[in-house]
Amino acid sequence: MSASSVQRCESCGSTIGELETASACPKCGGLLELEHSFSDTAETLRAAFWARRIASQGPERSGVWRYRELVLPSADDDSIVSHPEGNTPLVGRPSVSAWAGVEQLLMKHEGHNPTGSFKDRGMTVAMTQAKRTGARAVACASTGNTSASLAAYAAQGELPALVFVPVGQVALGKLTQTLAYGAKTLVVRGNFDACLALARDASRSLEIQLLNSINPFRIEGQKSIVLELLDQLDWSAPDWIALPAGNLGNTSAFGKALREAHALGLIDRMPRLAAIQAAGASPFAQSFREHFARRIHVDPDTMATAIRIGAPASWDRAIRAIRETNGVVTSVTDAEILEAKAVIDASGVGCEPASAASVAGVAQLRRDGVIRPSDRVVAVLTGHLLKDPGALVKYHQETEPQPPRANRPVEINANVDEVRRVLGEP
Ligand code: F0G
């Protein structure tokens with residue numbers, strides 16, 4: 001097993017040790033990235049990953065730590081804070097494929113993680129590292145899912161947790177989870193971008209470890225979404241992987257996972273990434289249209305609150321992910337997101353609004369001829385249906401005129417004739 005890793009600055013290239021704690025490069029302030037020295041062959045790795053599928057105890061039950069050679073090779077079993085997480089299903093539904101116009105469309109459902117979103121995959125690694133380096137407390141800014149995940153893993157790791165969330169912009173399921181798991185929750189008068197700036201300042205001055213996705217250990221854990229889906233496809237790379245994009249941590253993680261999997265020979269060709277933003281929060285999609293000539297900030301607005309972000313932090317590394325995979329970035333309207341979500345929900349799969357952006361994006365790219373009908377596509381559903389009950393109540397019960405796929409409840413008196421009447425039976 002390979003053991004040595006360093007943290008390398010993505011801007012100036014300088015390195016610090018794996019166990020040093022820094023929220024950015026001490027020399028230039030750039031973002032740090034983990035660099036592992038791999039010593040295993042693709043065959044050895046595939047065999048090890050396969051054998052761990054039946055683990056019944058220990059960290060290798062986790063769909064993150066099963067890929068530990070690529071995630072954090074030096075972590076001992078005893079130091080790992082794992083729920084466990086991962087092991088999420090890859091599912092296909094004919095109604096969703098038909099709606100998107102892509103027959104071979106699969107959905108990787110990250111809502112099946114313990115706190116209901118993909119964030120748990122990054123959090124198990126970041127919390128493990130926080131414990132290994134003697135953190136006294138942990139913090140994050142969040143649109144809701146990261147805070148729920150941080151709160152749960154901090155509870156398990158027995159560390160105090162501090163979260164910064166934008167007032168009035170966090171879905172009910174996420175806020176209540178965060179409170180229930182016991183994090184000190186600061187509701188900030190400002191948007192997510194203001195929360196992240198504050199969390200960065202506060203963690204620096206209070207010496208609290210920041211576990212947002214600028215933390216390179218989060219990225220290592222989130223790579224396992226891609227590794228696990230490739231494993232589920234027997235390492236036969238799909239043509240496309242589509243994902244919703246906000247702060248761009250996940251886009252960066254997907255790019256790094258694909259780069260490493262390809263370099264190691266786990267896959268023999270690169271899938272193309274399709275990063276999908278909400279139209280009202282789409283600085284990265286706008287910049288893509290200008291060949292990334294400039295870094296764009298916007299004042300974000302979308303009902304997909306998880307990705308309501310105007311100044312994404314992982315900008316440069318996400319550009320690298322798009323370029324190295326010959327990827328694309330696009331945006332979809334809230335109406336398109338809501339329609340895709342209604343289709344995914346009615347297929348029995350279900351997801352939160354931001355997650356449906358991936359499938360809405362696939363449908364749009366298919367209509368534009370970028371994705372071909374015969375392409376094999378995996379769309380990542382990043383969060384669970386129940387994360388945002390408010391969006392469901394609004395869509396199904398309140399919106400006027402009634403959206404085409406709304407399923408209104410019908411109130412009746414307690415007699416069979418009324419049931420018959422509602423069903424239109426004689
Ligand atoms: N989907 C969901 C459900 C999310 O919660 C997020 C991000 C994303 C997609 C986008 O991922 O930021 O890595 O590009 N949520 C963060 C949070 C910002 O605080 O929970 P990204």
# chains A, B, ... in the order shown; residues from 1 in each chain; ligands from 1
>>> residues_around(residues="segment 70-72 of chain A", least_positions_apart="4", cutoff="9 Å", atoms="only C-alpha atoms", output="short mmCIF file (atom, residue, chain, number, x, y, z; two decimals) with all heavy atoms, in the first residue's frame")
data_model
loop_
_atom_site.label_atom_id
_atom_site.label_comp_id
_atom_site.auth_asym_id
_atom_site.auth_seq_id
_atom_site.Cartn_x
_atom_site.Cartn_y
_atom_site.Cartn_z
N ALA A 3 1.97 5.05 0.91
CA ALA A 3 1.72 5.68 2.20
C ALA A 3 2.01 7.17 2.25
O ALA A 3 1.47 7.87 3.09
CB ALA A 3 2.53 4.98 3.28
N SER A 5 1.88 11.06 1.28
CA SER A 5 1.11 12.05 0.54
C SER A 5 1.59 13.43 0.97
O SER A 5 2.05 13.60 2.09
CB SER A 5 -0.38 11.93 0.87
OG SER A 5 -0.82 10.60 0.65
N LEU A 34 -4.30 17.39 -2.41
CA LEU A 34 -3.54 16.21 -1.95
C LEU A 34 -2.87 15.54 -3.13
O LEU A 34 -3.48 15.42 -4.20
CB LEU A 34 -4.48 15.20 -1.29
CG LEU A 34 -4.60 15.21 0.24
CD1 LEU A 34 -3.38 14.60 0.88
CD2 LEU A 34 -4.84 16.59 0.81
N HIS A 36 -0.94 11.97 -3.74
CA HIS A 36 -0.54 10.68 -3.18
C HIS A 36 0.51 10.07 -4.10
O HIS A 36 0.49 10.30 -5.31
CB HIS A 36 -1.73 9.72 -3.11
CG HIS A 36 -2.94 10.28 -2.42
ND1 HIS A 36 -2.90 10.77 -1.13
CD2 HIS A 36 -4.22 10.44 -2.84
CE1 HIS A 36 -4.12 11.20 -0.80
NE2 HIS A 36 -4.93 11.02 -1.82
N PHE A 38 1.24 6.82 -5.72
CA PHE A 38 0.61 5.52 -5.92
C PHE A 38 1.66 4.47 -6.25
O PHE A 38 2.56 4.73 -7.05
CB PHE A 38 -0.40 5.60 -7.08
CG PHE A 38 -1.48 6.62 -6.85
CD1 PHE A 38 -1.61 7.72 -7.69
CD2 PHE A 38 -2.37 6.47 -5.80
CE1 PHE A 38 -2.60 8.65 -7.50
CE2 PHE A 38 -3.39 7.40 -5.60
CZ PHE A 38 -3.49 8.50 -6.45
N VAL A 64 -16.43 5.08 0.69
CA VAL A 64 -15.32 6.02 0.56
C VAL A 64 -14.01 5.29 0.87
O VAL A 64 -13.07 5.28 0.07
CB VAL A 64 -15.48 7.22 1.53
CG1 VAL A 64 -14.27 8.13 1.49
CG2 VAL A 64 -16.76 7.98 1.21
N TRP A 65 -13.96 4.63 2.03
CA TRP A 65 -12.71 4.01 2.49
C TRP A 65 -12.39 2.73 1.74
O TRP A 65 -11.27 2.23 1.81
CB TRP A 65 -12.75 3.82 4.00
CG TRP A 65 -12.84 5.16 4.68
CD1 TRP A 65 -13.95 5.75 5.21
CD2 TRP A 65 -11.78 6.12 4.84
NE1 TRP A 65 -13.66 7.00 5.68
CE2 TRP A 65 -12.33 7.26 5.47
CE3 TRP A 65 -10.42 6.13 4.50
CZ2 TRP A 65 -11.57 8.39 5.78
CZ3 TRP A 65 -9.66 7.26 4.80
CH2 TRP A 65 -10.24 8.36 5.43
N VAL A 125 -13.69 12.07 5.45
CA VAL A 125 -12.23 12.24 5.29
C VAL A 125 -11.76 13.51 6.01
O VAL A 125 -10.77 13.49 6.75
CB VAL A 125 -11.85 12.26 3.79
CG1 VAL A 125 -10.33 12.37 3.65
CG2 VAL A 125 -12.37 11.02 3.09
N PHE A 217 -9.00 17.69 1.87
CA PHE A 217 -9.41 16.34 2.31
C PHE A 217 -10.87 16.05 1.94
O PHE A 217 -11.24 14.91 1.71
CB PHE A 217 -9.13 16.17 3.82
CG PHE A 217 -7.65 16.25 4.10
CD1 PHE A 217 -7.02 17.47 4.32
CD2 PHE A 217 -6.88 15.10 4.09
CE1 PHE A 217 -5.65 17.54 4.54
CE2 PHE A 217 -5.50 15.17 4.29
CZ PHE A 217 -4.89 16.39 4.52
N ILE A 219 -12.21 17.03 -0.84
CA ILE A 219 -12.13 16.66 -2.27
C ILE A 219 -11.77 15.18 -2.41
O ILE A 219 -12.35 14.46 -3.24
CB ILE A 219 -11.09 17.56 -2.98
CG1 ILE A 219 -11.47 19.04 -2.87
CG2 ILE A 219 -10.86 17.11 -4.42
CD1 ILE A 219 -12.65 19.48 -3.68
N GLU A 220 -10.82 14.73 -1.58
CA GLU A 220 -10.39 13.32 -1.68
C GLU A 220 -11.58 12.38 -1.43
O GLU A 220 -11.74 11.38 -2.12
CB GLU A 220 -9.26 13.03 -0.69
CG GLU A 220 -7.96 13.74 -1.04
CD GLU A 220 -7.52 13.51 -2.48
OE1 GLU A 220 -7.23 12.35 -2.84
OE2 GLU A 220 -7.48 14.49 -3.26
N GLY A 221 -12.41 12.71 -0.45
CA GLY A 221 -13.56 11.86 -0.15
C GLY A 221 -14.59 11.90 -1.27
O GLY A 221 -15.17 10.88 -1.65
N GLN A 222 -14.81 13.08 -1.83
CA GLN A 222 -15.84 13.23 -2.87
C GLN A 222 -15.43 12.55 -4.18
O GLN A 222 -16.28 12.21 -5.00
CB GLN A 222 -16.21 14.71 -3.05
CG GLN A 222 -17.02 15.20 -1.85
CD GLN A 222 -17.33 16.68 -1.83
OE1 GLN A 222 -17.53 17.25 -0.76
NE2 GLN A 222 -17.38 17.34 -2.96
N LYS A 223 -14.12 12.34 -4.36
CA LYS A 223 -13.68 11.57 -5.54
C LYS A 223 -14.34 10.20 -5.58
O LYS A 223 -14.52 9.62 -6.65
CB LYS A 223 -12.16 11.36 -5.49
CG LYS A 223 -11.32 12.57 -5.79
CD LYS A 223 -9.82 12.27 -5.87
CE LYS A 223 -9.31 11.12 -5.10
NZ LYS A 223 -7.84 11.08 -4.93
N SER A 224 -14.68 9.67 -4.40
CA SER A 224 -15.20 8.30 -4.35
C SER A 224 -16.57 8.16 -5.03
O SER A 224 -16.99 7.05 -5.34
CB SER A 224 -15.26 7.78 -2.91
OG SER A 224 -16.25 8.50 -2.19
N ALA A 257 -10.62 12.78 -9.66
CA ALA A 257 -10.85 11.33 -9.65
C ALA A 257 -10.62 10.74 -11.03
O ALA A 257 -9.97 9.69 -11.19
CB ALA A 257 -12.27 11.03 -9.19
N GLU A 260 -6.88 10.77 -12.03
CA GLU A 260 -6.09 9.73 -11.36
C GLU A 260 -6.49 8.33 -11.84
O GLU A 260 -5.63 7.48 -12.07
CB GLU A 260 -6.26 9.86 -9.84
CG GLU A 260 -5.61 11.14 -9.32
CD GLU A 260 -5.92 11.46 -7.85
OE1 GLU A 260 -6.76 10.76 -7.24
OE2 GLU A 260 -5.34 12.43 -7.34
N ALA A 261 -7.80 8.11 -12.02
CA ALA A 261 -8.25 6.78 -12.47
C ALA A 261 -7.69 6.47 -13.86
O ALA A 261 -7.29 5.35 -14.15
CB ALA A 261 -9.78 6.72 -12.49
#
>>> residues_near_ligand(ligand="ligand 1", cutoff="7 Å", atoms="only C-alpha atoms and all ligand atoms", output="ChimeraX atom specification")
/A:117,141-147,213,244-251,306-307,352,354-355,382-383
>>> write_last_selection(atoms="N, CA, C and O atoms", output="compact mmCIF listing (two decimals), in the first residue's frame")
# COMPACT_ATOMS: atom_id res chain seq x y z
N SER A 117 -26.99 13.47 1.67
CA SER A 117 -26.34 14.12 0.52
C SER A 117 -24.92 13.59 0.36
O SER A 117 -24.36 12.95 1.26
N ALA A 141 -19.18 27.10 6.21
CA ALA A 141 -20.30 27.88 5.68
C ALA A 141 -21.08 26.92 4.82
O ALA A 141 -20.49 26.00 4.24
N SER A 142 -22.40 27.14 4.71
CA SER A 142 -23.16 26.14 3.96
C SER A 142 -24.49 26.65 3.46
O SER A 142 -25.11 27.52 4.07
N THR A 143 -24.92 26.06 2.34
CA THR A 143 -26.30 26.26 1.89
C THR A 143 -27.20 25.19 2.53
O THR A 143 -28.37 25.08 2.18
N GLY A 144 -26.66 24.37 3.40
CA GLY A 144 -27.47 23.44 4.19
C GLY A 144 -26.97 22.01 4.28
O GLY A 144 -26.97 21.42 5.35
N ASN A 145 -26.54 21.45 3.16
CA ASN A 145 -26.12 20.05 3.21
C ASN A 145 -24.78 19.85 3.90
O ASN A 145 -24.60 18.91 4.68
N THR A 146 -23.83 20.73 3.61
CA THR A 146 -22.54 20.60 4.28
C THR A 146 -22.71 20.77 5.78
O THR A 146 -22.08 20.06 6.58
N SER A 147 -23.57 21.70 6.18
CA SER A 147 -23.73 21.94 7.62
C SER A 147 -24.37 20.72 8.30
O SER A 147 -23.96 20.33 9.41
N SER A 213 -15.35 22.80 1.11
CA SER A 213 -14.67 21.99 0.09
C SER A 213 -13.37 22.63 -0.42
O SER A 213 -12.67 22.02 -1.23
N PRO A 244 -24.71 18.68 -10.70
CA PRO A 244 -25.03 20.08 -10.41
C PRO A 244 -23.78 20.78 -9.87
O PRO A 244 -22.97 20.15 -9.18
N ALA A 245 -23.64 22.06 -10.18
CA ALA A 245 -22.42 22.77 -9.78
C ALA A 245 -22.76 24.08 -9.09
O ALA A 245 -23.54 24.88 -9.60
N GLY A 246 -22.17 24.27 -7.88
CA GLY A 246 -22.39 25.49 -7.13
C GLY A 246 -21.05 26.12 -6.77
O GLY A 246 -20.51 26.96 -7.49
N ASN A 247 -20.49 25.65 -5.65
CA ASN A 247 -19.20 26.18 -5.20
C ASN A 247 -18.04 25.53 -5.95
O ASN A 247 -16.90 25.88 -5.76
N LEU A 248 -18.34 24.51 -6.74
CA LEU A 248 -17.42 23.83 -7.67
C LEU A 248 -16.45 22.86 -7.01
O LEU A 248 -15.51 22.39 -7.66
N GLY A 249 -16.66 22.54 -5.74
CA GLY A 249 -15.83 21.53 -5.08
C GLY A 249 -16.04 20.16 -5.72
O GLY A 249 -15.08 19.43 -5.99
N ASN A 250 -17.30 19.83 -5.98
CA ASN A 250 -17.58 18.50 -6.52
C ASN A 250 -17.07 18.37 -7.95
O ASN A 250 -16.53 17.33 -8.34
N THR A 251 -17.23 19.42 -8.75
CA THR A 251 -16.70 19.39 -10.12
C THR A 251 -15.19 19.15 -10.07
O THR A 251 -14.65 18.34 -10.83
N ALA A 306 -29.47 24.93 -2.69
CA ALA A 306 -28.17 24.27 -2.47
C ALA A 306 -27.08 24.86 -3.36
O ALA A 306 -25.90 24.89 -2.98
N ILE A 307 -27.48 25.33 -4.55
CA ILE A 307 -26.48 25.85 -5.50
C ILE A 307 -26.68 27.34 -5.75
O ILE A 307 -26.34 27.87 -6.80
N GLU A 352 -33.64 16.25 -4.27
CA GLU A 352 -33.89 17.66 -3.93
C GLU A 352 -33.74 18.52 -5.19
O GLU A 352 -33.16 18.06 -6.20
N ALA A 354 -31.81 21.04 -6.36
CA ALA A 354 -30.50 21.23 -7.01
C ALA A 354 -30.05 19.98 -7.74
O ALA A 354 -29.43 20.05 -8.81
N SER A 355 -30.36 18.81 -7.17
CA SER A 355 -29.92 17.55 -7.77
C SER A 355 -30.52 17.35 -9.16
O SER A 355 -29.88 16.78 -10.05
N THR A 382 -27.53 14.61 -6.11
CA THR A 382 -26.65 14.94 -4.99
C THR A 382 -27.34 14.92 -3.62
O THR A 382 -26.67 14.82 -2.60
N GLY A 383 -28.68 15.05 -3.60
CA GLY A 383 -29.35 15.10 -2.30
C GLY A 383 -30.74 14.48 -2.31
O GLY A 383 -31.39 14.35 -3.36
>>> residues_around(residues="segment 184-189 of chain A", least_positions_apart="5", cutoff="7 Å", atoms="only C-alpha atoms", output="ChimeraX atom specification")
/A:161-167,179,195
>>> residues_around(residues="Val410 of chain A", least_positions_apart="6", cutoff="12 Å", atoms="only C-alpha atoms", output="JSON, numbers by chain")
{"A": [396, 397, 418, 419, 421, 422, 423]}
>>> closest_residue(among="A:Ser97, A:Glu158, A:Thr44, A:Leu243", to="Glu110 of chain A", atoms="only C-alpha atoms")
A:Leu243
>>> residues_around(residues="Met107 of chain A", least_positions_apart="6", cutoff="9 Å", atoms="only C-alpha atoms", output="list in words")
Pro89, Leu90, Val91, Gly92, Arg93, Val359, Val377, Val378, Ala379, Val380 and Leu381 of chain A
>>> atom_distance(atom1="atom CA of Ala237 of chain A", atom2="atom CA of Gly86 of chain A")
19.5 Å
>>> closest_residue(among="A:Arg323, A:Arg372, A:His297, A:His262", to="Gly310 of chain A", atoms="only C-alpha atoms")
A:His297
>>> select_by_dssp(residues="segment 198-378 of chain A", states="strand (DSSP E)", output="list in words")
Gln209, Leu210, Trp240, Ile241, Ala242, Leu243, Pro244, Arg272, Leu273, Ala274, Ala275, Ile276, Gln277, Ala278, Val328, Val329, Thr330, Ser331, Val332, Arg376, Val377 and Val378 of chain A
>>> write_last_selection(atoms="N, CA, C and O atoms", output="mmCIF file, in the first residue's frame")
data_model
loop_
_atom_site.group_PDB
_atom_site.id
_atom_site.type_symbol
_atom_site.label_atom_id
_atom_site.label_comp_id
_atom_site.auth_asym_id
_atom_site.auth_seq_id
_atom_site.Cartn_x
_atom_site.Cartn_y
_atom_site.Cartn_z
ATOM 1 N N GLN A 209 -10.749 24.540 12.615
ATOM 2 C CA GLN A 209 -10.496 24.003 11.264
ATOM 3 C C GLN A 209 -11.717 24.179 10.361
ATOM 4 O O GLN A 209 -12.841 23.831 10.748
ATOM 5 N N LEU A 210 -11.469 24.692 9.167
ATOM 6 C CA LEU A 210 -12.543 24.948 8.207
ATOM 7 C C LEU A 210 -12.719 23.720 7.309
ATOM 8 O O LEU A 210 -11.776 23.288 6.657
ATOM 9 N N TRP A 240 -20.555 10.308 -20.516
ATOM 10 C CA TRP A 240 -20.767 11.571 -19.804
ATOM 11 C C TRP A 240 -21.033 11.321 -18.320
ATOM 12 O O TRP A 240 -21.701 10.343 -17.969
ATOM 13 N N ILE A 241 -20.572 12.241 -17.496
ATOM 14 C CA ILE A 241 -21.020 12.299 -16.101
ATOM 15 C C ILE A 241 -21.533 13.722 -15.882
ATOM 16 O O ILE A 241 -20.793 14.697 -16.085
ATOM 17 N N ALA A 242 -22.813 13.842 -15.508
ATOM 18 C CA ALA A 242 -23.420 15.166 -15.309
ATOM 19 C C ALA A 242 -23.637 15.403 -13.824
ATOM 20 O O ALA A 242 -24.055 14.493 -13.098
ATOM 21 N N LEU A 243 -23.343 16.628 -13.379
ATOM 22 C CA LEU A 243 -23.542 16.940 -11.961
ATOM 23 C C LEU A 243 -23.943 18.397 -11.777
ATOM 24 O O LEU A 243 -23.581 19.240 -12.595
ATOM 25 N N PRO A 244 -24.712 18.682 -10.702
ATOM 26 C CA PRO A 244 -25.028 20.075 -10.409
ATOM 27 C C PRO A 244 -23.779 20.778 -9.873
ATOM 28 O O PRO A 244 -22.972 20.146 -9.179
ATOM 29 N N ARG A 272 -16.711 12.567 -20.344
ATOM 30 C CA ARG A 272 -16.785 14.032 -20.363
ATOM 31 C C ARG A 272 -17.653 14.488 -19.189
ATOM 32 O O ARG A 272 -18.700 13.899 -18.932
ATOM 33 N N LEU A 273 -17.205 15.529 -18.511
ATOM 34 C CA LEU A 273 -18.005 16.086 -17.408
ATOM 35 C C LEU A 273 -18.982 17.118 -17.964
ATOM 36 O O LEU A 273 -18.628 17.905 -18.846
ATOM 37 N N ALA A 274 -20.194 17.116 -17.443
ATOM 38 C CA ALA A 274 -21.167 18.173 -17.752
ATOM 39 C C ALA A 274 -21.561 18.792 -16.415
ATOM 40 O O ALA A 274 -22.264 18.161 -15.616
ATOM 41 N N ALA A 275 -21.050 19.993 -16.146
ATOM 42 C CA ALA A 275 -21.367 20.695 -14.891
ATOM 43 C C ALA A 275 -22.555 21.607 -15.158
ATOM 44 O O ALA A 275 -22.527 22.414 -16.095
ATOM 45 N N ILE A 276 -23.608 21.459 -14.337
ATOM 46 C CA ILE A 276 -24.857 22.172 -14.610
ATOM 47 C C ILE A 276 -25.154 23.159 -13.476
ATOM 48 O O ILE A 276 -25.240 22.768 -12.312
ATOM 49 N N GLN A 277 -25.331 24.416 -13.840
ATOM 50 C CA GLN A 277 -25.675 25.441 -12.840
ATOM 51 C C GLN A 277 -27.127 25.885 -13.026
ATOM 52 O O GLN A 277 -27.723 25.685 -14.090
ATOM 53 N N ALA A 278 -27.657 26.505 -11.982
ATOM 54 C CA ALA A 278 -28.977 27.135 -12.097
ATOM 55 C C ALA A 278 -28.773 28.476 -12.807
ATOM 56 O O ALA A 278 -27.800 29.186 -12.530
ATOM 57 N N VAL A 328 -18.208 20.189 -20.493
ATOM 58 C CA VAL A 328 -19.016 21.366 -20.818
ATOM 59 C C VAL A 328 -19.650 21.897 -19.533
ATOM 60 O O VAL A 328 -19.795 21.158 -18.546
ATOM 61 N N VAL A 329 -20.000 23.174 -19.563
ATOM 62 C CA VAL A 329 -20.724 23.777 -18.435
ATOM 63 C C VAL A 329 -21.942 24.481 -19.025
ATOM 64 O O VAL A 329 -21.819 25.201 -20.011
ATOM 65 N N THR A 330 -23.090 24.249 -18.430
ATOM 66 C CA THR A 330 -24.271 24.944 -18.925
ATOM 67 C C THR A 330 -25.187 25.302 -17.761
ATOM 68 O O THR A 330 -24.889 24.961 -16.602
ATOM 69 N N SER A 331 -26.271 26.012 -18.066
ATOM 70 C CA SER A 331 -27.205 26.372 -16.999
ATOM 71 C C SER A 331 -28.624 26.041 -17.422
ATOM 72 O O SER A 331 -28.935 26.020 -18.621
ATOM 73 N N VAL A 332 -29.461 25.777 -16.429
ATOM 74 C CA VAL A 332 -30.869 25.449 -16.676
ATOM 75 C C VAL A 332 -31.736 26.358 -15.796
ATOM 76 O O VAL A 332 -31.313 26.763 -14.708
ATOM 77 N N ARG A 376 -23.841 6.848 -23.294
ATOM 78 C CA ARG A 376 -24.067 6.326 -21.931
ATOM 79 C C ARG A 376 -23.795 7.462 -20.957
ATOM 80 O O ARG A 376 -22.690 8.005 -20.929
ATOM 81 N N VAL A 377 -24.816 7.787 -20.170
ATOM 82 C CA VAL A 377 -24.734 8.978 -19.313
ATOM 83 C C VAL A 377 -25.036 8.611 -17.864
ATOM 84 O O VAL A 377 -25.988 7.859 -17.592
ATOM 85 N N VAL A 378 -24.241 9.137 -16.950
ATOM 86 C CA VAL A 378 -24.564 9.030 -15.522
ATOM 87 C C VAL A 378 -24.835 10.434 -15.000
ATOM 88 O O VAL A 378 -23.995 11.330 -15.150
#
>>> closest_atom_pairs(of="segment 170-279 of chain A", to="segment 20-27 of chain A", cutoff="9 Å", atoms="only C-alpha atoms", output="JSON lines")
{"residue": "A:Arg200", "atom": "CA", "partner": "A:Ser23", "partner_atom": "CA", "distance": 8.3}
{"residue": "A:Arg204", "atom": "CA", "partner": "A:Ser23", "partner_atom": "CA", "distance": 8.3}
{"residue": "A:Gln209", "atom": "CA", "partner": "A:Ser23", "partner_atom": "CA", "distance": 7.6}
{"residue": "A:Leu210", "atom": "CA", "partner": "A:Ser23", "partner_atom": "CA", "distance": 6.8}
{"residue": "A:Leu211", "atom": "CA", "partner": "A:Ser23", "partner_atom": "CA", "distance": 8.8}
{"residue": "A:Ile214", "atom": "CA", "partner": "A:Ser23", "partner_atom": "CA", "distance": 7.5}
{"residue": "A:Asn215", "atom": "CA", "partner": "A:Ser23", "partner_atom": "CA", "distance": 6.4}
{"residue": "A:Pro216", "atom": "CA", "partner": "A:Ser23", "partner_atom": "CA", "distance": 8.7}
>>> write_last_selection(atoms="all heavy atoms", output="compact mmCIF listing (two decimals), in the first residue's frame")
# COMPACT_ATOMS: atom_id res chain seq x y z
N ARG A 200 -14.22 31.78 6.72
CA ARG A 200 -12.76 31.77 6.51
C ARG A 200 -12.07 32.66 7.54
O ARG A 200 -11.10 32.25 8.17
CB ARG A 200 -12.43 32.27 5.10
CG ARG A 200 -12.60 31.20 4.04
CD ARG A 200 -12.38 31.78 2.65
NE ARG A 200 -11.50 30.95 1.86
CZ ARG A 200 -11.48 30.92 0.52
NH1 ARG A 200 -12.25 31.71 -0.17
NH2 ARG A 200 -10.66 30.12 -0.12
N ARG A 204 -9.86 31.34 10.90
CA ARG A 204 -8.46 31.75 11.03
C ARG A 204 -8.24 32.41 12.39
O ARG A 204 -7.33 32.04 13.12
CB ARG A 204 -8.12 32.75 9.90
CG ARG A 204 -6.68 32.70 9.47
CD ARG A 204 -6.43 33.61 8.26
NE ARG A 204 -7.14 33.23 7.06
CZ ARG A 204 -7.99 34.03 6.39
NH1 ARG A 204 -8.25 35.26 6.80
NH2 ARG A 204 -8.60 33.61 5.30
N GLN A 209 -10.75 24.54 12.61
CA GLN A 209 -10.50 24.00 11.26
C GLN A 209 -11.72 24.18 10.36
O GLN A 209 -12.84 23.83 10.75
CB GLN A 209 -10.10 22.53 11.33
CG GLN A 209 -8.64 22.36 11.74
CD GLN A 209 -8.11 20.96 11.43
OE1 GLN A 209 -8.61 20.24 10.55
NE2 GLN A 209 -7.10 20.56 12.18
N LEU A 210 -11.47 24.69 9.17
CA LEU A 210 -12.54 24.95 8.21
C LEU A 210 -12.72 23.72 7.31
O LEU A 210 -11.78 23.29 6.66
CB LEU A 210 -12.17 26.17 7.37
CG LEU A 210 -13.25 26.70 6.43
CD1 LEU A 210 -14.47 27.18 7.22
CD2 LEU A 210 -12.71 27.85 5.59
N LEU A 211 -13.93 23.16 7.30
CA LEU A 211 -14.17 21.94 6.53
C LEU A 211 -15.04 22.17 5.30
O LEU A 211 -15.77 21.28 4.87
CB LEU A 211 -14.76 20.84 7.41
CG LEU A 211 -13.99 20.43 8.67
CD1 LEU A 211 -14.47 19.06 9.17
CD2 LEU A 211 -12.48 20.39 8.47
N ILE A 214 -13.01 23.81 0.08
CA ILE A 214 -11.65 24.31 -0.18
C ILE A 214 -10.65 23.48 0.61
O ILE A 214 -9.47 23.47 0.30
CB ILE A 214 -11.49 25.81 0.16
CG1 ILE A 214 -11.99 26.11 1.57
CG2 ILE A 214 -12.22 26.68 -0.85
CD1 ILE A 214 -11.72 27.55 2.01
N ASN A 215 -11.13 22.74 1.62
CA ASN A 215 -10.29 21.82 2.39
C ASN A 215 -9.99 20.61 1.48
O ASN A 215 -10.91 19.92 1.04
CB ASN A 215 -11.07 21.41 3.64
CG ASN A 215 -10.34 20.40 4.50
OD1 ASN A 215 -9.75 19.46 3.99
ND2 ASN A 215 -10.38 20.59 5.80
N PRO A 216 -8.70 20.35 1.19
CA PRO A 216 -8.39 19.32 0.18
C PRO A 216 -8.82 17.92 0.58
O PRO A 216 -9.03 17.07 -0.29
CB PRO A 216 -6.86 19.40 0.06
CG PRO A 216 -6.38 20.08 1.29
CD PRO A 216 -7.49 20.99 1.74
>>> atom_distance(atom1="atom CA of Val138 of chain A", atom2="atom CA of Glu69 of chain A")
25.4 Å
>>> closest_residue(among="A:Ala194, A:Gly111, A:Thr399, A:Ala311", to="Pro353 of chain A", atoms="only C-alpha atoms")
A:Gly111
>>> atom_distance(atom1="atom CA of Asp388 of chain A", atom2="atom CA of Arg367 of chain A")
28.6 Å
>>> closest_residue(among="A:Glu425, A:Glu398, A:Glu85, A:Asp201", to="Gly63 of chain A", atoms="only C-alpha atoms")
A:Glu85
>>> closest_residue(among="A:Ala151, A:Ile225, A:Val102, A:Ala197", to="Ser62 of chain A", atoms="only C-alpha atoms")
A:Ile225
>>> closest_residue(among="A:Gly350, A:Gly424, A:Pro73, A:Gly280", to="Lys387 of chain A", atoms="only C-alpha atoms")
A:Gly350
>>> decode(residues="segment 202-206 of chain A", atoms="N, CA, C and O atoms", output="PDB file, in the first residue's frame")
ATOM      1  N   ALA A 202     -13.322  33.813  10.448  1.00  0.00           N
ATOM      2  CA  ALA A 202     -13.547  33.374  11.834  1.00  0.00           C
ATOM      3  C   ALA A 202     -12.693  32.156  12.155  1.00  0.00           C
ATOM      4  O   ALA A 202     -12.104  32.063  13.240  1.00  0.00           O
ATOM      5  N   SER A 203     -12.575  31.222  11.226  1.00  0.00           N
ATOM      6  CA  SER A 203     -11.805  30.017  11.543  1.00  0.00           C
ATOM      7  C   SER A 203     -10.331  30.360  11.686  1.00  0.00           C
ATOM      8  O   SER A 203      -9.635  29.787  12.524  1.00  0.00           O
ATOM      9  N   ARG A 204      -9.864  31.337  10.900  1.00  0.00           N
ATOM     10  CA  ARG A 204      -8.459  31.755  11.025  1.00  0.00           C
ATOM     11  C   ARG A 204      -8.240  32.413  12.389  1.00  0.00           C
ATOM     12  O   ARG A 204      -7.330  32.044  13.122  1.00  0.00           O
ATOM     13  N   SER A 205      -9.093  33.330  12.761  1.00  0.00           N
ATOM     14  CA  SER A 205      -8.806  34.054  14.003  1.00  0.00           C
ATOM     15  C   SER A 205      -9.138  33.233  15.248  1.00  0.00           C
ATOM     16  O   SER A 205      -8.550  33.460  16.299  1.00  0.00           O
ATOM     17  N   LEU A 206     -10.047  32.271  15.117  1.00  0.00           N
ATOM     18  CA  LEU A 206     -10.393  31.466  16.308  1.00  0.00           C
ATOM     19  C   LEU A 206      -9.671  30.118  16.336  1.00  0.00           C
ATOM     20  O   LEU A 206      -9.918  29.300  17.221  1.00  0.00           O
TER      21      LEU A 206
END
